[in-house]
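Heads up: the structure comes next, in structure tokens.
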Amino acid sequence: MSIRRVVAGLPLIMAGLLALPLSTHAGDAPQVAKGKGDACVEPTDVIRKNHMDLLKHQRDDTLRRGIRTKKHSLNECLECHVQPDESGKVARIDSPKHFCSTCHTYAAVKLDCFECHSDLPKSMNKSAYKHKLTPDNKHHASMQSAPVSRQMLDAIANGEAK
Amino acid sequence: MSINNQADQSRRKFLGNSAAVVAGVTIAPGILLHTPAQARSLDQAASSKQRWGILIDTNQCDSGCDKCVTACQTENGWGKNETKSNSEQQAQWIRKVELKDPNTGHQQSLPVMCQHCENPPCVDVCPTGASMKRDDGIVLVDKHICIGCRYCMMACPYKARSFIHEELKGQATVAPRGKGTVESCTMCVQRVDAGGSPACVEACPGKNGKAMVFGDLNDANSEIAKRLKQYGGKQIRADLGLNPSVRYQGI
């Protein structure tokens, strides 16, 4: 590209730069879909402003200390906020329609969370383990104390086990 | 709300909210009202009262069987979405190892995963604090602060850790994983925190009985502690003094 063409293009680029902030002011704020249920886990103005702090606090509590309260859990945000639209489609994180992308696209916030975390709630994540852990399903809890066959222990003790 | 045995919950209602905890403290060990095998309440942190471990009986482990490996893959979502990585690079949270005694020809098969050392060298060498041991002895990578330097992989004598070399899609909700971070067996913390046992242990059919037992090494009444007391159990490379929570019988 010749110098002349670059210089000739400059006013255009500058006009574009100037127009950017103007256009965002002119445009409407992003349309944020309402979550499932009546209310968020925090008052709306609090969650809007502070959700990043709450999430980062929660991730340390969960990963490092094993605290698994639901209130500020990322998975729980997705359960309420990621829903199919009228046509039954669920927006993924790379679409500005995914709840966690609406504002972020608008405000140019880039998250790395979903490079690891699923962008779908567990109930919709097909790659998730389907076995549901509920208080009624004692399967998991019972395994731990599953009786070991006495026969087998004797076999080991007598050196018969192969 | 706690994911727990409902019957037990209702029986403890009369104790009030905090009474279950108080009961656990005031009554002498051995006559605890509930075994530590119960799930903690969700807001309770993992505690050093427990030390989770796995006992593997190699006599029960079938060399043709890899159900522990596939159960781990299904639960934690590794081993199917790394298409660009070669076999040396691919994730491996748990693997089957075949041993053969050259003198007698005796063959053994056993699963090897993170041994959840009491003195983990991976934690010692980590420059960011990402490599860590929970209070209940489970050794983890805090991927939120892992920078992918892989010192821990070099420090681990069990070759238990792997590094993710490519962008991933379709991760399991319970086990977030992503490019540029190190990972290893988590002893299925998500299940342990809910009062369950690791997927490998649950899936193990064994030959005549399970080859894997999960439980609290600190609880003398747990199946794993009783078995260890009666029949013993070996640590792999005990000479290193790392005191792993994974123990083996028959090796």
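In the structure tokens, each chain is lettered A, B, ... as it comes, each chain's residues begin at 1, and ligands are numbered from 1 in order of appearance.
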
Residue neighbourhood Ala71 of chain B, 8 Å, only C-alpha atoms, exclusion window fewer than 3 positions, as a PyMOL selection string = chain B and resi 67-68+74-75+199-200+203

Export of the given selection (N, CA, C and O atoms) as a compact mmCIF listing (two decimals), in the first residue's frame:
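And here is the file that came out, selection-v7.txt:
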```
# COMPACT_ATOMS: atom_id res chain seq x y z
N LYS B 67 -12.59 -50.36 32.92
CA LYS B 67 -13.83 -49.66 33.27
C LYS B 67 -13.57 -48.43 34.14
O LYS B 67 -14.30 -47.44 34.03
N CYS B 68 -12.53 -48.48 34.96
CA CYS B 68 -12.21 -47.31 35.80
C CYS B 68 -11.82 -46.13 34.92
O CYS B 68 -12.17 -44.99 35.18
N THR B 74 -15.97 -40.54 31.22
CA THR B 74 -17.38 -40.15 31.11
C THR B 74 -17.71 -39.08 32.14
O THR B 74 -18.37 -38.08 31.84
N GLU B 75 -17.24 -39.29 33.35
CA GLU B 75 -17.56 -38.33 34.41
C GLU B 75 -16.91 -36.97 34.14
O GLU B 75 -17.56 -35.95 34.25
N ALA B 199 -15.79 -41.85 40.42
CA ALA B 199 -16.43 -42.61 39.34
C ALA B 199 -15.70 -43.94 39.10
O ALA B 199 -16.34 -44.96 38.84
N CYS B 200 -14.37 -43.95 39.20
CA CYS B 200 -13.60 -45.17 38.94
C CYS B 200 -13.96 -46.26 39.95
O CYS B 200 -14.16 -47.42 39.60
N ALA B 203 -17.38 -47.65 39.35
CA ALA B 203 -17.51 -48.48 38.14
C ALA B 203 -16.76 -49.81 38.24
O ALA B 203 -17.03 -50.73 37.47
```

Q.
Quick check: residues of chain B within 7 Å of chain A, only C-alpha atoms, returned as a ChimeraX atom specification.
A. /B:3-6,42-46,59,74-75,134,142,170-173,176-178,193,195-197,202,208-209,214-215,223

Pairwise distance, atom CA of Lys96 of chain B with atom CA of Gly233 of chain B, equals 18.7 Å

Practice task
Would you return as an MDAnalysis selection string the members of segment 24-221 of chain B that DSSP assigns to strand (DSSP E) on this structure's backbone?
Solution key: chainID B and resid 52:57 94:100 107:113 131:133 139:141 162:163 182:183 212:216

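Using only C-alpha atoms for every distance, the candidate list B:Cys185, B:Cys146, B:Ala175, B:Cys122 yields B:Cys185 as the residue closest to Val69 of chain B.
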
* Do a neighbour search on segment 30-37 of chain A at 12 Å with only C-alpha atoms, toss out local chain neighbours closer than 5 positions, and write the hits as an MDAnalysis selection string. => chainID A and resid 24:25 44 48 76:85 91 96:107

- Looking at only C-alpha atoms, which of B:Cys149, B:Cys117, B:Val189, B:Ile164 is the one that sits closest to Lys84 of chain B?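 Selected residue with least distance to Lys84 of chain B: B:Ile164.
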
Q: Compile the contact shell of segment 104-110 of chain B as a ChimeraX atom specification: residues with an atom at most 12 Å away, counting only C-alpha atoms, same-chain residues fewer than 2 positions apart removed.
A: /A:162 /B:55-69,94-102,112-113,204,206-207,211-212,236,246-251

Neighbouring residues of Thr181 of chain B were defined as those with any atom within 12 Å, considering only C-alpha atoms; residues of the same chain fewer than 6 positions away were excluded. Please report them as a PyMOL selection string. (chain A and resi 115-116) or (chain B and resi 91+130-131+141-153+161-168)

Selected residues, N, CA, C and O atoms, written as an mmCIF file, in the first residue's frame, please.
```cif
data_model
loop_
_atom_site.group_PDB
_atom_site.id
_atom_site.type_symbol
_atom_site.label_atom_id
_atom_site.label_comp_id
_atom_site.auth_asym_id
_atom_site.auth_seq_id
_atom_site.Cartn_x
_atom_site.Cartn_y
_atom_site.Cartn_z
ATOM 1 N N GLU A 115 -13.727 -20.911 28.186
ATOM 2 C CA GLU A 115 -12.747 -21.792 27.537
ATOM 3 C C GLU A 115 -12.700 -23.120 28.283
ATOM 4 O O GLU A 115 -12.313 -24.145 27.725
ATOM 5 N N CYS A 116 -13.053 -23.062 29.555
ATOM 6 C CA CYS A 116 -13.075 -24.282 30.375
ATOM 7 C C CYS A 116 -14.490 -24.671 30.770
ATOM 8 O O CYS A 116 -14.884 -25.829 30.674
ATOM 9 N N ALA B 91 -4.733 -36.010 27.347
ATOM 10 C CA ALA B 91 -5.007 -36.055 28.785
ATOM 11 C C ALA B 91 -5.043 -37.485 29.281
ATOM 12 O O ALA B 91 -5.462 -38.393 28.565
ATOM 13 N N ALA B 130 -1.141 -22.646 42.248
ATOM 14 C CA ALA B 130 -2.262 -23.325 41.594
ATOM 15 C C ALA B 130 -2.300 -24.794 42.004
ATOM 16 O O ALA B 130 -3.360 -25.369 42.220
ATOM 17 N N SER B 131 -1.127 -25.393 42.102
ATOM 18 C CA SER B 131 -1.044 -26.781 42.527
ATOM 19 C C SER B 131 -1.245 -26.782 44.030
ATOM 20 O O SER B 131 -0.495 -26.132 44.757
ATOM 21 N N VAL B 141 -5.367 -29.053 40.861
ATOM 22 C CA VAL B 141 -4.834 -27.877 40.192
ATOM 23 C C VAL B 141 -5.932 -26.819 40.240
ATOM 24 O O VAL B 141 -7.037 -27.072 39.784
ATOM 25 N N ASP B 142 -5.637 -25.672 40.815
ATOM 26 C CA ASP B 142 -6.573 -24.554 40.697
ATOM 27 C C ASP B 142 -6.312 -23.940 39.330
ATOM 28 O O ASP B 142 -5.411 -23.116 39.162
ATOM 29 N N LYS B 143 -7.116 -24.367 38.358
ATOM 30 C CA LYS B 143 -6.864 -23.945 36.988
ATOM 31 C C LYS B 143 -7.046 -22.442 36.809
ATOM 32 O O LYS B 143 -6.599 -21.881 35.821
ATOM 33 N N HIS B 144 -7.740 -21.824 37.753
ATOM 34 C CA HIS B 144 -7.936 -20.377 37.640
ATOM 35 C C HIS B 144 -6.619 -19.623 37.737
ATOM 36 O O HIS B 144 -6.506 -18.520 37.237
ATOM 37 N N ILE B 145 -5.644 -20.206 38.418
ATOM 38 C CA ILE B 145 -4.366 -19.502 38.531
ATOM 39 C C ILE B 145 -3.201 -20.297 37.956
ATOM 40 O O ILE B 145 -2.045 -19.913 38.119
ATOM 41 N N CYS B 146 -3.497 -21.408 37.281
ATOM 42 C CA CYS B 146 -2.439 -22.190 36.638
ATOM 43 C C CYS B 146 -1.960 -21.441 35.404
ATOM 44 O O CYS B 146 -2.758 -20.991 34.588
ATOM 45 N N ILE B 147 -0.632 -21.290 35.278
ATOM 46 C CA ILE B 147 -0.092 -20.594 34.113
ATOM 47 C C ILE B 147 0.470 -21.571 33.089
ATOM 48 O O ILE B 147 1.076 -21.175 32.096
ATOM 49 N N GLY B 148 0.342 -22.845 33.350
ATOM 50 C CA GLY B 148 0.745 -23.849 32.359
ATOM 51 C C GLY B 148 2.245 -24.073 32.254
ATOM 52 O O GLY B 148 2.730 -24.512 31.222
ATOM 53 N N CYS B 149 2.989 -23.818 33.327
ATOM 54 C CA CYS B 149 4.450 -23.945 33.236
ATOM 55 C C CYS B 149 4.900 -25.398 33.250
ATOM 56 O O CYS B 149 5.984 -25.726 32.787
ATOM 57 N N ARG B 150 4.090 -26.265 33.816
ATOM 58 C CA ARG B 150 4.319 -27.711 33.824
ATOM 59 C C ARG B 150 5.464 -28.177 34.720
ATOM 60 O O ARG B 150 5.951 -29.289 34.579
ATOM 61 N N TYR B 151 5.904 -27.337 35.645
ATOM 62 C CA TYR B 151 6.884 -27.809 36.633
ATOM 63 C C TYR B 151 6.316 -29.003 37.397
ATOM 64 O O TYR B 151 7.018 -29.959 37.695
ATOM 65 N N CYS B 152 5.030 -28.911 37.729
ATOM 66 C CA CYS B 152 4.414 -29.967 38.533
ATOM 67 C C CYS B 152 4.464 -31.306 37.816
ATOM 68 O O CYS B 152 4.632 -32.356 38.435
ATOM 69 N N MET B 153 4.333 -31.263 36.481
ATOM 70 C CA MET B 153 4.377 -32.509 35.719
ATOM 71 C C MET B 153 5.750 -33.151 35.830
ATOM 72 O O MET B 153 5.893 -34.368 35.904
ATOM 73 N N ARG B 161 0.115 -36.263 35.870
ATOM 74 C CA ARG B 161 -0.512 -35.044 35.358
ATOM 75 C C ARG B 161 -0.348 -34.903 33.850
ATOM 76 O O ARG B 161 0.624 -35.383 33.273
ATOM 77 N N SER B 162 -1.279 -34.224 33.235
ATOM 78 C CA SER B 162 -1.162 -33.920 31.811
ATOM 79 C C SER B 162 -1.508 -32.458 31.568
ATOM 80 O O SER B 162 -2.075 -31.785 32.422
ATOM 81 N N PHE B 163 -1.153 -32.010 30.385
ATOM 82 C CA PHE B 163 -1.302 -30.605 30.017
ATOM 83 C C PHE B 163 -2.220 -30.528 28.800
ATOM 84 O O PHE B 163 -2.106 -31.351 27.884
ATOM 85 N N ILE B 164 -3.115 -29.580 28.774
ATOM 86 C CA ILE B 164 -4.039 -29.476 27.642
ATOM 87 C C ILE B 164 -3.426 -28.593 26.554
ATOM 88 O O ILE B 164 -3.135 -27.414 26.782
ATOM 89 N N HIS B 165 -3.224 -29.211 25.381
ATOM 90 C CA HIS B 165 -2.500 -28.552 24.303
ATOM 91 C C HIS B 165 -3.386 -27.837 23.295
ATOM 92 O O HIS B 165 -2.897 -27.209 22.378
ATOM 93 N N GLU B 166 -4.689 -28.005 23.395
ATOM 94 C CA GLU B 166 -5.544 -27.434 22.342
ATOM 95 C C GLU B 166 -6.845 -26.891 22.927
ATOM 96 O O GLU B 166 -7.239 -27.240 24.038
ATOM 97 N N GLU B 167 -7.498 -26.054 22.147
ATOM 98 C CA GLU B 167 -8.796 -25.539 22.576
ATOM 99 C C GLU B 167 -9.801 -26.673 22.602
ATOM 100 O O GLU B 167 -9.813 -27.512 21.719
ATOM 101 N N LEU B 168 -10.627 -26.671 23.630
ATOM 102 C CA LEU B 168 -11.594 -27.757 23.783
ATOM 103 C C LEU B 168 -13.016 -27.243 23.659
ATOM 104 O O LEU B 168 -13.294 -26.080 23.911
#
```

Check: What is the distance between atom CA of Gln58 of chain A and atom CA of Ala108 of chain A, in Å to one decimal?
Finding: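 According to the coordinates, atom CA of Gln58 of chain A and atom CA of Ala108 of chain A are separated by 23.7 Å.
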
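Taking atom CA of Asn218 of chain B and atom CA of Asn243 of chain B as endpoints, the distance between them is 13.6 Å.
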